[in-house]
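Novice: This is structure_12.tsv (TSV, N, CA and C atoms).
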```tsv
chain	number	residue	atom	x	y	z
A	110	MET	N	-149.20	-208.77	-9.97
A	110	MET	CA	-150.37	-209.51	-9.54
A	110	MET	C	-149.90	-210.78	-8.81
A	111	LEU	N	-150.55	-211.07	-7.69
A	111	LEU	CA	-150.18	-212.24	-6.89
A	111	LEU	C	-150.75	-213.50	-7.52
A	112	PRO	N	-150.00	-214.59	-7.38
A	112	PRO	CA	-150.52	-215.85	-7.92
A	112	PRO	C	-151.74	-216.30	-7.12
A	113	ARG	N	-152.68	-216.91	-7.80
A	113	ARG	CA	-153.90	-217.37	-7.14
A	113	ARG	C	-153.63	-218.69	-6.44
A	114	LEU	N	-154.01	-218.77	-5.17
A	114	LEU	CA	-153.83	-220.00	-4.42
A	114	LEU	C	-154.98	-220.95	-4.72
A	115	PRO	N	-154.71	-222.23	-4.69
A	115	PRO	CA	-155.82	-223.18	-4.92
A	115	PRO	C	-156.86	-223.01	-3.83
A	116	ASP	N	-158.10	-223.23	-4.22
A	116	ASP	CA	-159.21	-223.13	-3.25
A	116	ASP	C	-159.01	-224.13	-2.11
A	117	GLN	N	-159.15	-223.62	-0.93
A	117	GLN	CA	-159.05	-224.48	0.25
A	117	GLN	C	-160.40	-225.13	0.49
A	118	PRO	N	-160.41	-226.42	0.79
A	118	PRO	CA	-161.70	-227.03	1.11
A	118	PRO	C	-162.25	-226.41	2.38
A	119	THR	N	-163.50	-226.08	2.36
A	119	THR	CA	-164.12	-225.47	3.54
A	119	THR	C	-164.68	-226.57	4.42
A	120	ALA	N	-164.48	-226.41	5.68
A	120	ALA	CA	-165.01	-227.38	6.64
A	120	ALA	C	-166.52	-227.23	6.71
A	121	LYS	N	-167.19	-228.35	6.72
A	121	LYS	CA	-168.65	-228.31	6.84
A	121	LYS	C	-169.03	-228.11	8.29
A	122	LEU	N	-169.91	-227.21	8.51
A	122	LEU	CA	-170.39	-226.95	9.85
A	122	LEU	C	-171.56	-227.88	10.13
A	123	GLN	N	-171.38	-228.73	11.12
A	123	GLN	CA	-172.46	-229.63	11.50
A	123	GLN	C	-173.19	-229.03	12.68
A	124	ILE	N	-174.45	-228.83	12.52
A	124	ILE	CA	-175.26	-228.29	13.59
A	124	ILE	C	-175.99	-229.45	14.25
A	125	MET	N	-175.83	-229.51	15.56
A	125	MET	CA	-176.48	-230.58	16.32
A	125	MET	C	-177.74	-230.03	16.97
A	126	ASN	N	-178.72	-230.87	17.09
A	126	ASN	CA	-179.91	-230.41	17.80
A	126	ASN	C	-179.71	-230.59	19.30
A	127	ARG	N	-180.66	-230.15	20.09
A	127	ARG	CA	-180.47	-230.14	21.54
A	127	ARG	C	-180.36	-231.54	22.13
A	128	TYR	N	-180.83	-232.56	21.40
A	128	TYR	CA	-180.74	-233.92	21.91
A	128	TYR	C	-179.36	-234.52	21.66
A	129	GLU	N	-178.61	-233.99	20.72
A	129	GLU	CA	-177.32	-234.55	20.36
A	129	GLU	C	-176.15	-233.86	21.05
A	130	ASN	N	-176.32	-232.66	21.55
A	130	ASN	CA	-175.20	-231.92	22.12
A	130	ASN	C	-175.25	-231.99	23.65
A	131	PRO	N	-174.41	-232.83	24.26
A	131	PRO	CA	-174.47	-232.99	25.71
A	131	PRO	C	-173.95	-231.78	26.49
A	132	ARG	N	-173.29	-230.83	25.81
A	132	ARG	CA	-172.76	-229.67	26.52
A	132	ARG	C	-173.83	-228.63	26.80
A	133	ILE	N	-174.95	-228.70	26.14
A	133	ILE	CA	-176.03	-227.74	26.38
A	133	ILE	C	-176.98	-228.36	27.40
A	134	PRO	N	-177.01	-227.83	28.62
A	134	PRO	CA	-177.90	-228.40	29.63
A	134	PRO	C	-179.36	-228.22	29.25
A	135	SER	N	-180.13	-229.28	29.42
A	135	SER	CA	-181.56	-229.21	29.17
A	135	SER	C	-182.25	-230.15	30.16
A	136	GLU	N	-183.46	-229.79	30.51
A	136	GLU	CA	-184.20	-230.57	31.50
A	136	GLU	C	-184.84	-231.78	30.85
A	137	ALA	N	-184.62	-232.93	31.44
A	137	ALA	CA	-185.20	-234.18	30.94
A	137	ALA	C	-186.57	-234.39	31.57
A	138	ARG	N	-187.41	-235.13	30.88
A	138	ARG	CA	-188.68	-235.56	31.47
A	138	ARG	C	-188.53	-237.05	31.74
A	139	VAL	N	-188.76	-237.43	32.99
A	139	VAL	CA	-188.45	-238.78	33.44
A	139	VAL	C	-189.67	-239.41	34.10
A	140	ARG	N	-189.85	-240.71	33.85
A	140	ARG	CA	-190.86	-241.50	34.56
A	140	ARG	C	-190.13	-242.35	35.58
A	141	TYR	N	-190.46	-242.15	36.85
A	141	TYR	CA	-189.76	-242.83	37.94
A	141	TYR	C	-190.40	-244.17	38.22
A	142	LEU	N	-189.58	-245.20	38.25
A	142	LEU	CA	-190.03	-246.57	38.49
A	142	LEU	C	-189.38	-247.09	39.77
A	143	ASP	N	-189.78	-248.27	40.19
A	143	ASP	CA	-189.16	-248.89	41.37
A	143	ASP	C	-187.72	-249.28	41.05
A	144	GLY	N	-186.76	-248.60	41.66
A	144	GLY	CA	-185.35	-248.92	41.49
A	144	GLY	C	-184.75	-248.49	40.15
A	145	ASP	N	-185.49	-247.79	39.34
A	145	ASP	CA	-185.00	-247.35	38.04
A	145	ASP	C	-185.86	-246.19	37.56
A	146	TYR	N	-185.46	-245.58	36.48
A	146	TYR	CA	-186.27	-244.53	35.86
A	146	TYR	C	-186.15	-244.64	34.36
A	147	GLN	N	-187.13	-244.09	33.68
A	147	GLN	CA	-187.19	-244.14	32.23
A	147	GLN	C	-187.22	-242.71	31.70
A	148	VAL	N	-186.28	-242.37	30.84
A	148	VAL	CA	-186.21	-241.03	30.26
A	148	VAL	C	-187.22	-240.95	29.13
A	149	GLU	N	-188.21	-240.06	29.28
A	149	GLU	CA	-189.24	-239.88	28.25
A	149	GLU	C	-188.85	-238.79	27.26
A	150	THR	N	-188.22	-237.72	27.75
A	150	THR	CA	-187.71	-236.65	26.90
A	150	THR	C	-186.24	-236.46	27.26
A	151	PRO	N	-185.34	-236.63	26.29
A	151	PRO	CA	-183.91	-236.54	26.59
A	151	PRO	C	-183.52	-235.20	27.18
A	152	GLY	N	-182.54	-235.23	28.04
A	152	GLY	CA	-182.00	-234.03	28.67
A	152	GLY	C	-180.82	-234.42	29.53
A	153	THR	N	-180.24	-233.43	30.19
A	153	THR	CA	-179.05	-233.69	31.00
A	153	THR	C	-179.33	-233.66	32.50
A	154	PHE	N	-180.49	-233.14	32.90
A	154	PHE	CA	-180.78	-233.03	34.33
A	154	PHE	C	-182.28	-233.05	34.59
A	155	VAL	N	-182.63	-233.25	35.87
A	155	VAL	CA	-184.00	-233.08	36.37
A	155	VAL	C	-183.92	-232.12	37.55
A	156	ARG	N	-185.04	-231.58	37.96
A	156	ARG	CA	-185.06	-230.64	39.08
A	156	ARG	C	-185.59	-231.31	40.34
A	157	CYS	N	-184.96	-230.97	41.47
A	157	CYS	CA	-185.43	-231.45	42.77
A	157	CYS	C	-186.78	-230.82	43.06
A	158	ALA	N	-187.74	-231.63	43.46
A	158	ALA	CA	-189.09	-231.14	43.74
A	158	ALA	C	-189.14	-230.28	45.00
A	159	VAL	N	-188.17	-230.40	45.88
A	159	VAL	CA	-188.16	-229.65	47.13
A	159	VAL	C	-187.33	-228.37	47.02
A	160	THR	N	-186.12	-228.48	46.48
A	160	THR	CA	-185.21	-227.34	46.46
A	160	THR	C	-185.13	-226.63	45.10
A	161	GLY	N	-185.54	-227.31	44.04
A	161	GLY	CA	-185.42	-226.73	42.70
A	161	GLY	C	-184.03	-226.85	42.10
A	162	THR	N	-183.14	-227.52	42.80
A	162	THR	CA	-181.78	-227.73	42.33
A	162	THR	C	-181.75	-228.64	41.11
A	163	ALA	N	-180.90	-228.33	40.14
A	163	ALA	CA	-180.73	-229.20	38.98
A	163	ALA	C	-179.90	-230.41	39.39
A	164	ILE	N	-180.39	-231.60	39.05
A	164	ILE	CA	-179.70	-232.85	39.38
A	164	ILE	C	-179.29	-233.52	38.07
A	165	PRO	N	-177.99	-233.64	37.80
A	165	PRO	CA	-177.57	-234.36	36.58
A	165	PRO	C	-178.12	-235.78	36.61
A	166	LEU	N	-178.58	-236.27	35.48
A	166	LEU	CA	-179.18	-237.61	35.43
A	166	LEU	C	-178.24	-238.68	35.93
A	167	ASP	N	-176.95	-238.55	35.67
A	167	ASP	CA	-176.02	-239.58	36.12
A	167	ASP	C	-175.77	-239.53	37.63
A	168	GLU	N	-176.30	-238.51	38.32
A	168	GLU	CA	-176.17	-238.42	39.78
A	168	GLU	C	-177.51	-238.60	40.49
A	169	LEU	N	-178.56	-238.89	39.76
A	169	LEU	CA	-179.90	-239.05	40.34
A	169	LEU	C	-179.98	-240.34	41.15
A	170	LYS	N	-180.29	-240.21	42.45
A	170	LYS	CA	-180.35	-241.37	43.33
A	170	LYS	C	-181.65	-241.44	44.13
A	171	TYR	N	-182.33	-240.32	44.27
A	171	TYR	CA	-183.52	-240.27	45.13
A	171	TYR	C	-184.72	-239.77	44.34
A	172	TRP	N	-185.83	-240.52	44.42
A	172	TRP	CA	-187.07	-240.10	43.79
A	172	TRP	C	-188.24	-240.83	44.42
A	173	SER	N	-189.44	-240.34	44.13
A	173	SER	CA	-190.67	-240.97	44.61
A	173	SER	C	-191.45	-241.49	43.42
A	174	VAL	N	-191.72	-242.78	43.44
A	174	VAL	CA	-192.54	-243.38	42.38
A	174	VAL	C	-193.98	-242.89	42.52
A	175	GLU	N	-194.46	-242.83	43.74
A	175	GLU	CA	-195.85	-242.41	44.01
A	175	GLU	C	-196.11	-240.98	43.55
A	176	ARG	N	-195.20	-240.06	43.87
A	176	ARG	CA	-195.39	-238.65	43.52
A	176	ARG	C	-194.70	-238.26	42.21
A	177	GLN	N	-193.91	-239.17	41.63
A	177	GLN	CA	-193.16	-238.91	40.39
A	177	GLN	C	-192.33	-237.63	40.51
A	178	GLU	N	-191.51	-237.60	41.59
A	178	GLU	CA	-190.65	-236.45	41.87
A	178	GLU	C	-189.23	-236.92	42.12
A	179	ALA	N	-188.28	-236.07	41.77
A	179	ALA	CA	-186.87	-236.33	42.05
A	179	ALA	C	-186.43	-235.49	43.24
A	180	TYR	N	-185.42	-235.97	43.96
A	180	TYR	CA	-184.87	-235.26	45.11
A	180	TYR	C	-183.36	-235.21	45.02
A	181	VAL	N	-182.79	-234.08	45.42
A	181	VAL	CA	-181.34	-233.88	45.32
A	181	VAL	C	-180.58	-234.76	46.32
A	182	ASP	N	-181.16	-235.03	47.48
A	182	ASP	CA	-180.49	-235.86	48.48
A	182	ASP	C	-181.53	-236.47	49.41
A	183	ALA	N	-181.05	-237.26	50.37
A	183	ALA	CA	-181.94	-237.94	51.30
A	183	ALA	C	-182.69	-236.95	52.19
A	184	ASN	N	-182.07	-235.83	52.54
A	184	ASN	CA	-182.74	-234.83	53.38
A	184	ASN	C	-183.95	-234.24	52.66
A	185	ALA	N	-183.81	-233.94	51.38
A	185	ALA	CA	-184.93	-233.40	50.60
A	185	ALA	C	-186.03	-234.43	50.48
A	186	SER	N	-185.66	-235.68	50.30
A	186	SER	CA	-186.64	-236.77	50.22
A	186	SER	C	-187.42	-236.89	51.52
A	187	MET	N	-186.70	-236.85	52.64
A	187	MET	CA	-187.35	-236.96	53.95
A	187	MET	C	-188.24	-235.75	54.23
A	188	LYS	N	-187.80	-234.57	53.83
A	188	LYS	CA	-188.60	-233.37	54.03
A	188	LYS	C	-189.94	-233.50	53.29
A	189	ARG	N	-189.91	-233.95	52.04
A	189	ARG	CA	-191.15	-234.12	51.26
A	189	ARG	C	-192.02	-235.20	51.89
A	190	TYR	N	-191.42	-236.29	52.35
A	190	TYR	CA	-192.16	-237.36	52.99
A	190	TYR	C	-192.91	-236.85	54.22
A	191	LEU	N	-192.24	-236.06	55.06
A	191	LEU	CA	-192.87	-235.53	56.26
A	191	LEU	C	-193.97	-234.52	55.92
A	192	GLU	N	-193.78	-233.75	54.84
A	192	GLU	CA	-194.80	-232.78	54.42
A	192	GLU	C	-196.07	-233.45	53.92
A	193	THR	N	-195.94	-234.59	53.30
A	193	THR	CA	-197.10	-235.23	52.66
A	193	THR	C	-197.69	-236.37	53.47
A	194	ARG	N	-197.17	-236.61	54.62
A	194	ARG	CA	-197.66	-237.70	55.48
A	194	ARG	C	-199.01	-237.40	56.04
```
Using structure tokens, write down the structure that the file contains.

Specialist:
Amino acid sequence: MLPRLPDQPTAKLQIMNRYENPRIPSEARVRYLDGDYQVETPGTFVRCAVTGTAIPLDELKYWSVERQEAYVDANASMKRYLETR
């Protein structure tokens, strides 16, 4: 008969929710302000209103306060501006 080994401590599995795990992409809900934005629902990206492209929050530079929309780049912003003029 083999000798019994001492019980090994088991690692506790910590489960994070979607707000705590930055590796799981999720869409944020954002309120666009003049020169800034306010995250209302946490997430890692927003979608461009023109192209539908996911824009990481740390790369978000273009949006419309009036229409409360984000844009992937200046071209998308100008395209929306010309459409709604």

Novice: Hey, can you check how far CA of Val181 in chain A sits from CA of Ile164 in chain A?

Specialist: 6.2 Å

Novice: So, with only C-alpha atoms as the atoms that count, which of A:Ile133, A:Thr150, A:Gly144, A:Arg138 lies closest to Tyr171 in chain A?

Specialist: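 The closest residue to Tyr171 in chain A is A:Gly144.
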
Novice: Enumerate as a list of chain:residue names all residues of range 134-193 of chain A assigned to strand (DSSP E or B) by DSSP on the backbone, naming them with the chain letters and numbers the document uses.

Specialist: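 Strand (DSSP E or B) members of range 134-193 of chain A, listed: A:Glu136, A:Arg138, A:Val139, A:Arg140, A:Tyr141, A:Leu142, A:Asp145, A:Tyr146, A:Gln147, A:Val148, A:Glu149, A:Thr150, A:Phe154, A:Val155, A:Arg156, A:Cys157, A:Ala163, A:Ile164, A:Pro165, A:Tyr171, A:Trp172, A:Ser173, A:Glu178, A:Ala179, A:Tyr180.
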
Novice: When you look at Tyr141 in chain A with a cut-off of 8 Å (counting only C-alpha atoms), what residues show up, excluding the ones that are within fewer than 4 positions of it in the same chain? I need them as an mmCIF file with N, CA and C atoms, in the frame of the given file.

Specialist:
```cif
data_model
loop_
_atom_site.group_PDB
_atom_site.id
_atom_site.type_symbol
_atom_site.label_atom_id
_atom_site.label_comp_id
_atom_site.auth_asym_id
_atom_site.auth_seq_id
_atom_site.Cartn_x
_atom_site.Cartn_y
_atom_site.Cartn_z
ATOM 1 N N ASP A 145 -185.490 -247.790 39.340
ATOM 2 C CA ASP A 145 -185.000 -247.350 38.040
ATOM 3 C C ASP A 145 -185.860 -246.190 37.560
ATOM 4 N N TYR A 146 -185.460 -245.580 36.480
ATOM 5 C CA TYR A 146 -186.270 -244.530 35.860
ATOM 6 C C TYR A 146 -186.150 -244.640 34.360
ATOM 7 N N GLN A 147 -187.130 -244.090 33.680
ATOM 8 C CA GLN A 147 -187.190 -244.140 32.230
ATOM 9 C C GLN A 147 -187.220 -242.710 31.700
ATOM 10 N N TRP A 172 -185.830 -240.520 44.420
ATOM 11 C CA TRP A 172 -187.070 -240.100 43.790
ATOM 12 C C TRP A 172 -188.240 -240.830 44.420
ATOM 13 N N SER A 173 -189.440 -240.340 44.130
ATOM 14 C CA SER A 173 -190.670 -240.970 44.610
ATOM 15 C C SER A 173 -191.450 -241.490 43.420
ATOM 16 N N VAL A 174 -191.720 -242.780 43.440
ATOM 17 C CA VAL A 174 -192.540 -243.380 42.380
ATOM 18 C C VAL A 174 -193.980 -242.890 42.520
ATOM 19 N N GLN A 177 -193.910 -239.170 41.630
ATOM 20 C CA GLN A 177 -193.160 -238.910 40.390
ATOM 21 C C GLN A 177 -192.330 -237.630 40.510
ATOM 22 N N GLU A 178 -191.510 -237.600 41.590
ATOM 23 C CA GLU A 178 -190.650 -236.450 41.870
ATOM 24 C C GLU A 178 -189.230 -236.920 42.120
#
```

Novice: Between A:Pro134, A:Val139, A:Arg194, A:Ala179, single out the one closest to Val159 in chain A, counting only N, CA and C atoms.

Specialist: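 Of all the options, A:Ala179 lies closest to Val159 in chain A.
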
Novice: What is the distance between CA of Pro151 in chain A and CA of Ala183 in chain A, in Å to one decimal?

Specialist: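 Value for the CA of Pro151 in chain A-CA of Ala183 in chain A distance: 24.8 Å.
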
Novice: Using all atoms listed in the file, pick whichever of A:Ala158, A:Leu142, A:Gly152, A:Leu191 has the shortest atom-to-atom distance to Glu175 in chain A.

Specialist: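 Of A:Ala158, A:Leu142, A:Gly152, A:Leu191, the one nearest Glu175 in chain A, counting all atoms listed in the file, is A:Leu142.
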
Novice: Using CA of Val148 in chain A and atom N of Thr193 in chain A as the two end points, give the distance in Å to one decimal.

Specialist: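 Rounded to one decimal, the two atoms are 25.8 Å apart.
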
Novice: Compare A:Asp143, A:Arg176, A:Glu136, A:Ser186 by their minimum atom-to-atom distance to Arg156 in chain A, counting all atoms listed in the file, and give me the closest one.

Specialist: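 Counting all atoms listed in the file, the residue closest to Arg156 in chain A is A:Glu136.
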
Novice: Which one is closest to Thr153 in chain A: A:Ala137, A:Tyr180, A:Glu168, A:Tyr190? Count all atoms listed in the file.

Specialist: A:Ala137
